[in-house]
Amino acid sequence: MAWDFATEPEFQEKLDWIADFVEREVTPLDLAFPHHYVYDKTHPVHEQVLKPLQKQVQDQGLWACHLGPDLGGLGFGQLKLALINEILGRSNWAPMTFGCQAPDTGNAEILAHYGTDAQKERYLQPLLDGKIVSCFSMTEPQGGSDPQVFQCRAEKDGDEWVINGEKWFSSNLRYAAFAIVMAVTDPDVSIYKGASMFLVPTETPGIEVIRHVGLPGEPLGEGAHAYVRYNNVRVPDDHVLGGPGQAFVIAQTRLGGGRIHHAMRTVGMCQRALDMLCERALSRYTQGSSLASKGAIQEYVADSWIELHQFRLQVLHAAWVIDQVGGHKARKEIAAVKVATAKVMKDIVFRAMHVHGSLGVSNEMPLAGMWMTAPIMGIADGPTEVHKVTVARQVLKSYSPAPGLFPTAHLPERVAAARAQFADLLQHDHANSIF
Ligand SMILES: Cc1cc2nc3c(=O)[nH]c(=O)nc-3n(C[C@H](O)[C@H](O)[C@H](O)COP(=O)(O)OP(=O)(O)OC[C@H]3O[C@@H](n4cnc5c(N)ncnc54)[C@H](O)[C@@H]3O)c2cc1C
């Protein structure tokens with residue numbers, strides 16, 4: 001019997017250290033330095049403050065633990081990573097402090113899986129060492145959910161590839177040392193077989209940022225998500241990742257991990273929102289009693305706790321499934337977690353904001369910022385609707401159509417069969433009921 005919800009004492013000690021460290025040393029960075037500095041390696045806070053913190057994480061053997069030892073990290077597996085990420089989700093700076101921030105985690109994962117030795121040495125090692133950040137450039141302005149509309153092309157010219165086309169929402173391109181760019185290399189076959197991934201150093205001539213798209217609250221044109229045009233961008237043949245035509249096989253490896261890691265951190269964010277909700281409910285009095293004593297607010301607390309508890313167990317279970325069978329066989333679990341992430345975040349943060357009244361929607365609480373994360377979680381790495389399709393398809397795989405005209409649960413046939421099975425006893429009952 002292997003079902004067990006307990007954490008090993010040795011690992012719990014590590015979690016306790018992480019929780020204390022993040023609270024004491026890392027969350028002050030959230031308050032002093034805006035989110036976008038997290039990826040800006042030129043900002044002095046990286047050298048002067050972050051580096052010593054990262055050293056402490058390394059000394060604890062907790063650095064870059066999203067990758068297993070075979071892939072160059074100190075990995076614990078997804079289940080332990082889920083427990084760690086739950087704590088890291090409470091701070092914007094924590095993932096960078098622990099060397100496991102998106103999108104670098106996913107990029108490191110595919111480099112580790114598909115990179116040549118030379119690619120690993122040039123791109124993976126500095127990424128794992130926390131010296132550089134990276135970008136993943138796949139979505140195009142005309143569509144992200146449906147890759148069949150992608151137009152960005154790469155054509156072979158001697159021993160180089162020449163990339164032309166536009167990409168949209170290429171996060172952190174402005175801070176990145178390199179981008180992994182998806183481009184069509186064989187337009188005569190389905191994009192799922194005719195696209196390739198290229199490692200493109202960001203100093204390569206021809207990379208034109210049309211706009212730095214931002215998220216709500218950020219000044220227009222100053223965000224971290226590049227709308228970028230690749231104009232005759234040349235990379236050598238050895239900068240194809242995993243070989244021509246492999247883009248979607250690689251993307252699947254990458255996106256699965258990214259989705260579950262976002263979900264793990266969202267557990268932490270939701271817990272933070274619930275903490276705020278409960279504290280406010282106990283602190284605020286109206287009409288002679290605390291908010292916590294009102295039935296409506298108790299319902300908020302109960303619903304939030306129940307939803308968060310269900311979500312946390314769902315995330316941990318999905319992480320466990322990945323550890324058991326690999327991410328490629330956990331598509332249903334990962335897609336289901338991705339769907340739940342945005343919904344749970346939306347519901348809990350909304351209630352927490354509401355309980356805080358005007359303060360909750362003001363810029364003096366972190367809640368309004370967290371609120372925007374909910375729709376972002378529902379879109380980044382693929383929209384909810386598309387992930388529901390994946391869940392539904394996977395669920396339906398274990399069913400077949402009814403063999404006859406009526407469903408297999410149709411009562412007349414089932415009752416007739418059961419009656420035939422117990423005919424002797426039923427006859428006896430029937431005989432008794434006559435007298
Ligand atoms: C914060 C953030 C960071 C991102 N970072 C990156 C990055 O680093 N690199 C990168 O390449 N991309 C990135 N993206 C882009 C992201 O992957 C896309 O936004 C996503 O794939 C959806 O594509 P789209 O925005 O073009 O929406 P569309 O594809 O136009 O979809 C719009 C809406 O249509 C509906 N819809 C779509 N398909 C279906 C369907 N089959 N059935 C029913 N309804 C459907 C959904 O409601 C969906 O939200 C990022 C996005 C965000 C928000």
# chains A, B, ... in the order shown; residues from 1 in each chain; ligands from 1
$ select_by_dssp --residues "segment 80-275 of chain A" --states "alpha helix (DSSP H)" --output "PyMOL selection string"
chain A and resi 80-88+94-97+104-114+117-119+125-128+191-194+247-275
$ write_last_selection --atoms "C-alpha atoms" --output "short mmCIF file (atom, residue, chain, number, x, y, z; two decimals), in the first residue's frame"
data_model
loop_
_atom_site.label_atom_id
_atom_site.label_comp_id
_atom_site.auth_asym_id
_atom_site.auth_seq_id
_atom_site.Cartn_x
_atom_site.Cartn_y
_atom_site.Cartn_z
CA LYS A 80 9.50 17.44 -4.48
CA LEU A 81 9.80 20.30 -6.95
CA ALA A 82 6.06 20.91 -6.49
CA LEU A 83 6.55 21.28 -2.75
CA ILE A 84 9.49 23.63 -3.30
CA ASN A 85 7.74 25.69 -5.98
CA GLU A 86 4.73 26.12 -3.74
CA ILE A 87 6.98 28.16 -1.44
CA LEU A 88 8.77 29.94 -4.29
CA ALA A 94 12.31 33.48 -5.49
CA PRO A 95 12.46 31.38 -8.70
CA MET A 96 15.46 33.40 -9.97
CA THR A 97 17.09 33.07 -6.55
CA ASP A 104 14.66 29.41 -18.53
CA THR A 105 13.62 26.15 -16.84
CA GLY A 106 11.88 24.91 -19.99
CA ASN A 107 14.67 26.13 -22.25
CA ALA A 108 17.28 24.41 -20.07
CA GLU A 109 15.21 21.24 -20.14
CA ILE A 110 15.09 21.05 -23.94
CA LEU A 111 18.76 21.98 -24.26
CA ALA A 112 19.60 19.21 -21.81
CA HIS A 113 17.43 16.71 -23.70
CA TYR A 114 18.17 17.64 -27.31
CA ASP A 117 27.69 18.92 -26.40
CA ALA A 118 28.74 22.20 -28.00
CA GLN A 119 25.23 23.67 -27.62
CA GLN A 125 25.86 25.75 -18.79
CA PRO A 126 25.70 29.56 -18.39
CA LEU A 127 21.91 29.24 -18.04
CA LEU A 128 22.29 26.67 -15.27
CA ILE A 191 3.84 22.12 -39.55
CA TYR A 192 4.00 19.42 -36.89
CA LYS A 193 6.69 17.74 -39.01
CA GLY A 194 8.04 20.71 -40.94
CA ALA A 247 10.23 21.53 -33.27
CA PHE A 248 6.97 20.05 -31.99
CA VAL A 249 8.50 17.04 -30.34
CA ILE A 250 10.76 19.48 -28.51
CA ALA A 251 7.96 21.97 -27.74
CA GLN A 252 5.90 19.24 -26.12
CA THR A 253 8.78 18.34 -23.79
CA ARG A 254 9.15 21.98 -22.87
CA LEU A 255 5.57 23.09 -22.45
CA GLY A 256 4.56 20.17 -20.22
CA GLY A 257 7.16 21.10 -17.62
CA GLY A 258 6.41 24.82 -17.85
CA ARG A 259 2.70 24.30 -17.29
CA ILE A 260 3.05 22.19 -14.19
CA HIS A 261 5.69 24.52 -12.73
CA HIS A 262 3.34 27.52 -13.12
CA ALA A 263 0.65 25.49 -11.36
CA MET A 264 2.99 24.63 -8.48
CA ARG A 265 3.84 28.29 -7.93
CA THR A 266 0.16 29.22 -8.21
CA VAL A 267 -0.57 27.02 -5.19
CA GLY A 268 1.75 29.34 -3.24
CA MET A 269 0.15 32.48 -4.65
CA CYS A 270 -3.34 31.24 -3.81
CA GLN A 271 -2.23 30.34 -0.29
CA ARG A 272 -0.93 33.89 0.10
CA ALA A 273 -4.28 35.29 -1.07
CA LEU A 274 -6.14 33.01 1.35
CA ASP A 275 -3.83 34.12 4.19
#
$ select_by_dssp --residues "segment 78-205 of chain A" --states "strand (DSSP E)" --output "ChimeraX atom specification"
/A:134-137,153-157,160-171,178-184,195-201
$ closest_atom_pairs --of "chain A" --to "ligand 1" --cutoff "7 Å" --atoms "only C-alpha atoms and all ligand atoms" --output "CSV"
residue,atom,partner,partner_atom_place_in_ligand_line,distance
A:Pro103,CA,ligand 1,8 (O),6.5
A:Cys135,CA,ligand 1,8 (O),6.1
A:Phe136,CA,ligand 1,9 (N),4.7
A:Ser137,CA,ligand 1,11 (O),4.2
A:Met138,CA,ligand 1,11 (O),3.4
A:Thr139,CA,ligand 1,11 (O),3.8
A:Glu140,CA,ligand 1,26 (O),6.8
A:Pro141,CA,ligand 1,26 (O),6.5
A:Gln142,CA,ligand 1,26 (O),6.5
A:Gly143,CA,ligand 1,26 (O),3.7
A:Gly144,CA,ligand 1,23 (O),3.2
A:Ser145,CA,ligand 1,29 (O),3.6
A:Asp146,CA,ligand 1,29 (O),5.9
A:Trp168,CA,ligand 1,12 (N),6.6
A:Phe169,CA,ligand 1,13 (C),4.8
A:Ser170,CA,ligand 1,9 (N),4.3
A:Ser171,CA,ligand 1,8 (O),3.9
A:His225,CA,ligand 1,5 (N),6.7
A:Ile376,CA,ligand 1,53 (C),4.8
A:Ile379,CA,ligand 1,20 (C),5.3
A:Ala380,CA,ligand 1,51 (C),3.9
A:Asp381,CA,ligand 1,17 (O),4.4
A:Gly382,CA,ligand 1,21 (O),4.0
A:Pro383,CA,ligand 1,49 (O),4.7
A:Thr384,CA,ligand 1,46 (C),6.8
A:Glu385,CA,ligand 1,43 (C),4.9
A:Val386,CA,ligand 1,41 (N),4.9
$ closest_residue --among "A:Ala32, A:Gln394, A:Met372, A:Thr42" --to "Lys329 of chain A" --atoms "only C-alpha atoms"
A:Gln394
$ atom_distance --atom1 "atom CA of Tyr39 of chain A" --atom2 "atom CA of Asn172 of chain A"
7.0 Å
$ residues_around --residues "Ser190 of chain A" --least-positions-apart "4" --cutoff "12 Å" --atoms "only C-alpha atoms" --output "ChimeraX atom specification"
/A:147-150,184-186,194-195,245,247-248
$ write_last_selection --atoms "C-alpha atoms" --output "PDB file, in the first residue's frame"
ATOM      1  CA  PRO A 147       0.518  26.509 -34.912  1.00  0.00           C
ATOM      2  CA  GLN A 148      -0.884  25.844 -38.389  1.00  0.00           C
ATOM      3  CA  VAL A 149      -1.039  29.607 -38.917  1.00  0.00           C
ATOM      4  CA  PHE A 150       2.678  30.072 -38.173  1.00  0.00           C
ATOM      5  CA  VAL A 184       8.976  26.482 -40.640  1.00  0.00           C
ATOM      6  CA  THR A 185      11.745  24.666 -42.496  1.00  0.00           C
ATOM      7  CA  ASP A 186       9.624  22.442 -44.731  1.00  0.00           C
ATOM      8  CA  GLY A 194       8.043  20.710 -40.943  1.00  0.00           C
ATOM      9  CA  ALA A 195       9.130  23.126 -38.207  1.00  0.00           C
ATOM     10  CA  GLY A 245      11.571  18.935 -38.284  1.00  0.00           C
ATOM     11  CA  ALA A 247      10.226  21.529 -33.267  1.00  0.00           C
ATOM     12  CA  PHE A 248       6.966  20.052 -31.995  1.00  0.00           C
TER      13      PHE A 248
END
